[in-house]
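J.: Next up is a structure, given as structure tokens.
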Amino acid sequence: MAVLLEKLWNDVALGKSLTLRQRLCRWACNVEAILCLGIILPFDLPMPDVPRLVKLATIVLRRKGWKSAFGNPFLPIVSAVFFLLAGKAAYAQSLTTDSSSPKAAAAAPVKPAGAVDFSEIKATHPWRIAFIPKFKFFGESGRLSSYWQPAWEGAQKAGADFGVSVRLVTSEVRGRTDADYVEPQIRLVAELTAQGQLDGLVIAPFDSDRLAPVVDKAIAAGIPTVALDTPINSDQVLTLVAFDNFAAGDTMGKWVVKQLGGGGKALILDGPQNEQNALDRRKGFLTGLETGNIDVLNTKSADWEIEPARQTTADWLNKYPEVQVILAANDNMAIGAAQAVAAAKRPRLLITGFDATEAGKAAIQAGQIAATIDQSPGEQSRLAIQLLIRHLETGDKFPPIVYLPKIHLVTFENREGRAAKGERP
């Protein structure tokens with residue numbers, strides 16, 4: 001109400017380019033509406049009701065035979081008086097309204113979509129949630145891969161902690177590449193949707209595009225969905241919970257600067273040039289290194305593999321004997337670099353990895369690698385379950401991507417407790 005009347009006040013009472021008669025005549029066609037605004041203002045009616053009441057009052061006035069404002073010079077004067085008084089009062093009220101009052105609080109949005117509350121709540125209802133990871137199994141053990149097994153264990157614990165039912169949904173397919181798992185994953189989502197016994201879904205898609213249609217159908221059927229690790233190319237999913245590779249690279253870069261006393265010579269073993277996580281990690285490394293006086297001598301991709309990293313590092317050690325640190329974008333490449341460094345008998349050279357794989361942590365234990373980054377798959381799963389519960393309980397909405405709020409850097413000193421934590425920038 002205050003906004004509408006303020007606009008009328010500015011147009012009519014404060015318009016310096018119009019004469020008084022012109023200002024009054026400008027609103028003559030809406031005189032009944034202005035009268036109604038002045039009359040209903042003291043009742044402090046909700047804004048959505050004002051247009052309907054104005055229209056109703058106008059119809060009543062016309063049916064009673066009141067003349068148009070153009071034909072009766074008295075009505076514009078009366079309407080102007082009503083308007084000026086009501087407009088001033090509403091405008092003054094808008095300037096003094098206490099934002100902490102119940103009325104102001106009710107008018108304000110509860111939480112913008114961009115805000116994420118990382119505190120945890122327990123469910124008030126035993127929601128049924130399906131967890132579909134990238135279900136590549138490890139050998140004949142029946143366990144998921146070294147990344148997705150802890151992710152599932154984190155989802156299980158979240159279900160127990162938050163009071164909801166979380167069940168693992170996988171296929172028995174044993175494929176050779178990611179493409180072999182796409183159709184089985186699509187069928188799983190379709191079956192869950194048809195069963196109609198699900199309240200929510202957390203899924204790590206094997207294919208961002210091909211999973212989108214079936215996930216959209218699940219959402220349309222009332223199954224809100226959170227993507228995990230990999231995006232689903234749909235604007236219907238609640239959010240994507242993922243690891244911030246750039247922030248983690250930045251954390252590692254800053255740690256290296258500290259280890260080198262602020263300056264030194266570095267080399268970077270990069271991932272594939274066409275993969276976003278490799279690009280983000282490299283950019284993070286460089287940003288972190290820029291906090292010191294670090295000279296990056298060279299950067300080269302070893303495609304995540306041990307042997308290419310070993311060969312590249314061996315060549316580098318001959319070409320750049322002054323190098324003090326090698327930052328690898330994953331643990332495999334760090335292990336390959338460590339092998340080349342051992343062969344060249346350069347034990348004092350610092351090597352860092354990324355991913356905190358079992359092999360990477362073993363290399364830290366053996367003193368071959370100095371540090372790595374733990375992507376915390378269990379914590380990612382826990383966050384995905386929590387966000388889904390928040391949506392089911394309160395209707396909360398989230399930004400398109402939600403990153404873990406902390407980055408875990410693993411060194412020999414904290415390899416068990418993971419005490420070193422870097423905040424996302």
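We name chains A, B, ... following the order of the structure tokens; residues begin at 1 in each chain, and ligands are numbered from 1 as shown.
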Residues near range 343-359 of chain A, anyone? I mean within 9 Å using only C-alpha atoms, not counting same-chain ones fewer than 3 positions away, as JSON, numbers by chain.
T.: {"A": [146, 147, 248, 249, 252, 256, 259, 314, 317, 323, 324, 325, 326, 327, 328, 329, 330, 331, 332, 333, 334, 335, 337, 338, 339, 340, 362, 363, 364, 368, 369, 370, 371, 372, 373, 374, 375, 376, 409, 410]}
J.: Would you put the residues from that selection into a file with C-alpha atoms, as a PDB file, in the first residue's frame?
T.:
ATOM      1  CA  SER A 146      36.930 -46.978  -3.273  1.00  0.00           C
ATOM      2  CA  TYR A 147      35.140 -43.650  -3.723  1.00  0.00           C
ATOM      3  CA  ALA A 248      40.770 -27.505  -2.650  1.00  0.00           C
ATOM      4  CA  GLY A 249      43.507 -26.623  -5.132  1.00  0.00           C
ATOM      5  CA  MET A 252      46.897 -27.023  -1.354  1.00  0.00           C
ATOM      6  CA  VAL A 256      52.835 -25.456  -0.323  1.00  0.00           C
ATOM      7  CA  GLN A 259      56.059 -25.323   3.501  1.00  0.00           C
ATOM      8  CA  ALA A 314      61.915 -38.050 -14.826  1.00  0.00           C
ATOM      9  CA  LEU A 317      64.185 -33.591 -13.025  1.00  0.00           C
ATOM     10  CA  VAL A 323      62.564 -27.665  -8.671  1.00  0.00           C
ATOM     11  CA  GLN A 324      61.462 -27.884  -5.021  1.00  0.00           C
ATOM     12  CA  VAL A 325      57.859 -29.105  -5.243  1.00  0.00           C
ATOM     13  CA  ILE A 326      55.635 -31.077  -7.620  1.00  0.00           C
ATOM     14  CA  LEU A 327      51.888 -30.591  -7.282  1.00  0.00           C
ATOM     15  CA  ALA A 328      49.900 -33.478  -8.794  1.00  0.00           C
ATOM     16  CA  ALA A 329      46.173 -33.181  -9.518  1.00  0.00           C
ATOM     17  CA  ASN A 330      45.512 -36.714  -8.225  1.00  0.00           C
ATOM     18  CA  ASP A 331      47.208 -39.348  -6.098  1.00  0.00           C
ATOM     19  CA  ASN A 332      48.085 -41.639  -9.010  1.00  0.00           C
ATOM     20  CA  MET A 333      50.190 -38.939 -10.633  1.00  0.00           C
ATOM     21  CA  ALA A 334      51.735 -38.066  -7.275  1.00  0.00           C
ATOM     22  CA  ILE A 335      52.762 -41.724  -6.869  1.00  0.00           C
ATOM     23  CA  ALA A 337      56.208 -38.542  -9.526  1.00  0.00           C
ATOM     24  CA  ALA A 338      57.392 -40.129  -6.265  1.00  0.00           C
ATOM     25  CA  GLN A 339      58.745 -43.123  -8.178  1.00  0.00           C
ATOM     26  CA  ALA A 340      60.758 -40.857 -10.488  1.00  0.00           C
ATOM     27  CA  ALA A 362      49.756 -45.249   2.106  1.00  0.00           C
ATOM     28  CA  ALA A 363      52.284 -43.144   0.195  1.00  0.00           C
ATOM     29  CA  ILE A 364      51.959 -40.425   2.839  1.00  0.00           C
ATOM     30  CA  GLN A 368      56.734 -40.634  -0.397  1.00  0.00           C
ATOM     31  CA  ILE A 369      54.022 -37.959  -0.648  1.00  0.00           C
ATOM     32  CA  ALA A 370      53.728 -34.970   1.668  1.00  0.00           C
ATOM     33  CA  ALA A 371      50.012 -34.166   1.412  1.00  0.00           C
ATOM     34  CA  THR A 372      46.770 -34.906  -0.392  1.00  0.00           C
ATOM     35  CA  ILE A 373      43.195 -33.603  -0.476  1.00  0.00           C
ATOM     36  CA  ASP A 374      40.340 -35.689   0.900  1.00  0.00           C
ATOM     37  CA  GLN A 375      37.173 -35.166  -1.165  1.00  0.00           C
ATOM     38  CA  SER A 376      35.132 -36.542   1.744  1.00  0.00           C
ATOM     39  CA  LEU A 409      44.051 -31.429   3.629  1.00  0.00           C
ATOM     40  CA  VAL A 410      45.726 -34.672   4.727  1.00  0.00           C
TER      41      VAL A 410
END
J.: Write out as number ranges by chain which residues come within 8 Å of range 231-237 of chain A when counting only C-alpha atoms, dropping same-chain ones fewer than 5 positions away.
T.: A: 204-205, 207-209, 211-212, 216, 219, 224-226
J.: Please produce an output containing C-alpha atoms for each residue in the selection, written as a compact mmCIF listing (two decimals), in the first residue's frame.
T.:
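Okay, result34.txt is ready:
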# COMPACT_ATOMS: atom_id res chain seq x y z
CA ALA A 204 25.08 -39.62 -8.93
CA PRO A 205 24.34 -39.88 -12.66
CA ASP A 207 25.39 -39.38 -17.83
CA SER A 208 24.23 -35.82 -17.15
CA ASP A 209 22.10 -35.59 -20.30
CA LEU A 211 19.46 -39.23 -17.00
CA ALA A 212 17.67 -35.87 -17.19
CA ASP A 216 12.33 -35.04 -14.53
CA ILE A 219 10.30 -35.10 -9.87
CA PRO A 224 12.36 -34.33 -5.18
CA THR A 225 15.89 -35.12 -6.33
CA VAL A 226 19.39 -34.04 -5.33
J.: Can you list, as a list in words, every residue of range 235-362 of chain A that DSSP puts in strand (DSSP E or B)?
T.: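 Result set for range 235-362 of chain A (strand (DSSP E or B)): Thr239, Leu240, Val241, Ala242, Gly263, Gly264, Lys265, Ala266, Leu267, Ile268, Leu269, Asp270, Asn293, Ile294, Asp295, Val296, Leu297, Asn298, Thr299, Lys300, Ser301, Val325, Ile326, Leu327, Ala328, Leu350, Ile351, Thr352 and Asp355 of chain A.
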J.: Point out the residue among A:Ala155, A:Gly200, A:Val116, A:Phe135 with the least atom-to-atom distance to Val173 in chain A, counting only C-alpha atoms.
T.: A:Phe135
J.: Just list the residues in range 101-256 of chain A DSSP gives helix (DSSP H, G or I) on the backbone, as a PyMOL selection string.
T.: chain A and resi 102-107+148-162+179-195+212-220+245-256
J.: Let me see the file: selected residues, C-alpha atoms, as a short mmCIF file (atom, residue, chain, number, x, y, z; two decimals), in the first residue's frame.
T.:
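What landed in part_21.cif:
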data_model
loop_
_atom_site.label_atom_id
_atom_site.label_comp_id
_atom_site.auth_asym_id
_atom_site.auth_seq_id
_atom_site.Cartn_x
_atom_site.Cartn_y
_atom_site.Cartn_z
CA PRO A 102 5.67 -9.58 13.23
CA LYS A 103 4.09 -7.93 10.20
CA ALA A 104 7.44 -7.06 8.64
CA ALA A 105 8.78 -10.52 9.38
CA ALA A 106 5.78 -12.11 7.68
CA ALA A 107 6.31 -10.00 4.58
CA TRP A 148 31.48 -44.71 -3.67
CA GLN A 149 31.69 -47.22 -0.82
CA PRO A 150 32.45 -44.47 1.74
CA ALA A 151 29.86 -42.30 0.00
CA TRP A 152 27.20 -44.96 0.65
CA GLU A 153 28.41 -45.46 4.22
CA GLY A 154 28.03 -41.71 4.77
CA ALA A 155 24.46 -41.83 3.41
CA GLN A 156 23.66 -44.77 5.71
CA LYS A 157 24.93 -42.95 8.77
CA ALA A 158 23.03 -39.81 7.76
CA GLY A 159 19.81 -41.79 7.56
CA ALA A 160 20.35 -43.20 11.05
CA ASP A 161 21.33 -39.81 12.50
CA PHE A 162 18.48 -37.86 10.91
CA ALA A 179 28.50 -45.84 -20.77
CA ASP A 180 27.64 -49.44 -19.84
CA TYR A 181 25.90 -48.25 -16.67
CA VAL A 182 23.73 -45.47 -18.09
CA GLU A 183 20.74 -47.55 -19.24
CA PRO A 184 20.64 -49.63 -16.03
CA GLN A 185 20.61 -46.41 -14.02
CA ILE A 186 17.77 -45.00 -16.16
CA ARG A 187 15.75 -48.18 -15.59
CA LEU A 188 16.28 -47.98 -11.84
CA VAL A 189 14.90 -44.44 -11.65
CA ALA A 190 11.93 -45.38 -13.85
CA GLU A 191 11.13 -48.39 -11.65
CA LEU A 192 11.33 -46.35 -8.45
CA THR A 193 9.00 -43.74 -9.94
CA ALA A 194 6.47 -46.37 -11.03
CA GLN A 195 6.46 -48.00 -7.59
CA ALA A 212 17.67 -35.87 -17.19
CA PRO A 213 14.34 -37.01 -18.78
CA VAL A 214 13.72 -39.89 -16.37
CA VAL A 215 14.72 -37.77 -13.37
CA ASP A 216 12.33 -35.04 -14.53
CA LYS A 217 9.54 -37.62 -14.59
CA ALA A 218 10.40 -38.71 -11.06
CA ILE A 219 10.30 -35.10 -9.87
CA ALA A 220 6.97 -34.54 -11.64
CA ASN A 245 38.01 -28.59 -6.73
CA PHE A 246 39.10 -24.98 -7.12
CA ALA A 247 38.90 -24.29 -3.39
CA ALA A 248 40.77 -27.50 -2.65
CA GLY A 249 43.51 -26.62 -5.13
CA ASP A 250 43.75 -23.18 -3.55
CA THR A 251 44.11 -24.77 -0.11
CA MET A 252 46.90 -27.02 -1.35
CA GLY A 253 48.68 -24.14 -3.08
CA LYS A 254 48.65 -22.05 0.09
CA TRP A 255 49.93 -25.01 2.12
CA VAL A 256 52.83 -25.46 -0.32
#
J.: Of the candidates A:Val202, A:Ile132, A:Ser119, A:Gly264, which one gets nearest to Leu238 in chain A if we count only C-alpha atoms?
T.: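 With only C-alpha atoms as the atom set, the closest residue is A:Val202.
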J.: What's the separation between CA of Gly196 in chain A and CA of Gln380 in chain A, in Å to one decimal place?
T.: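 Straight-line distance from CA of Gly196 in chain A to CA of Gln380 in chain A works out to 26.4 Å.
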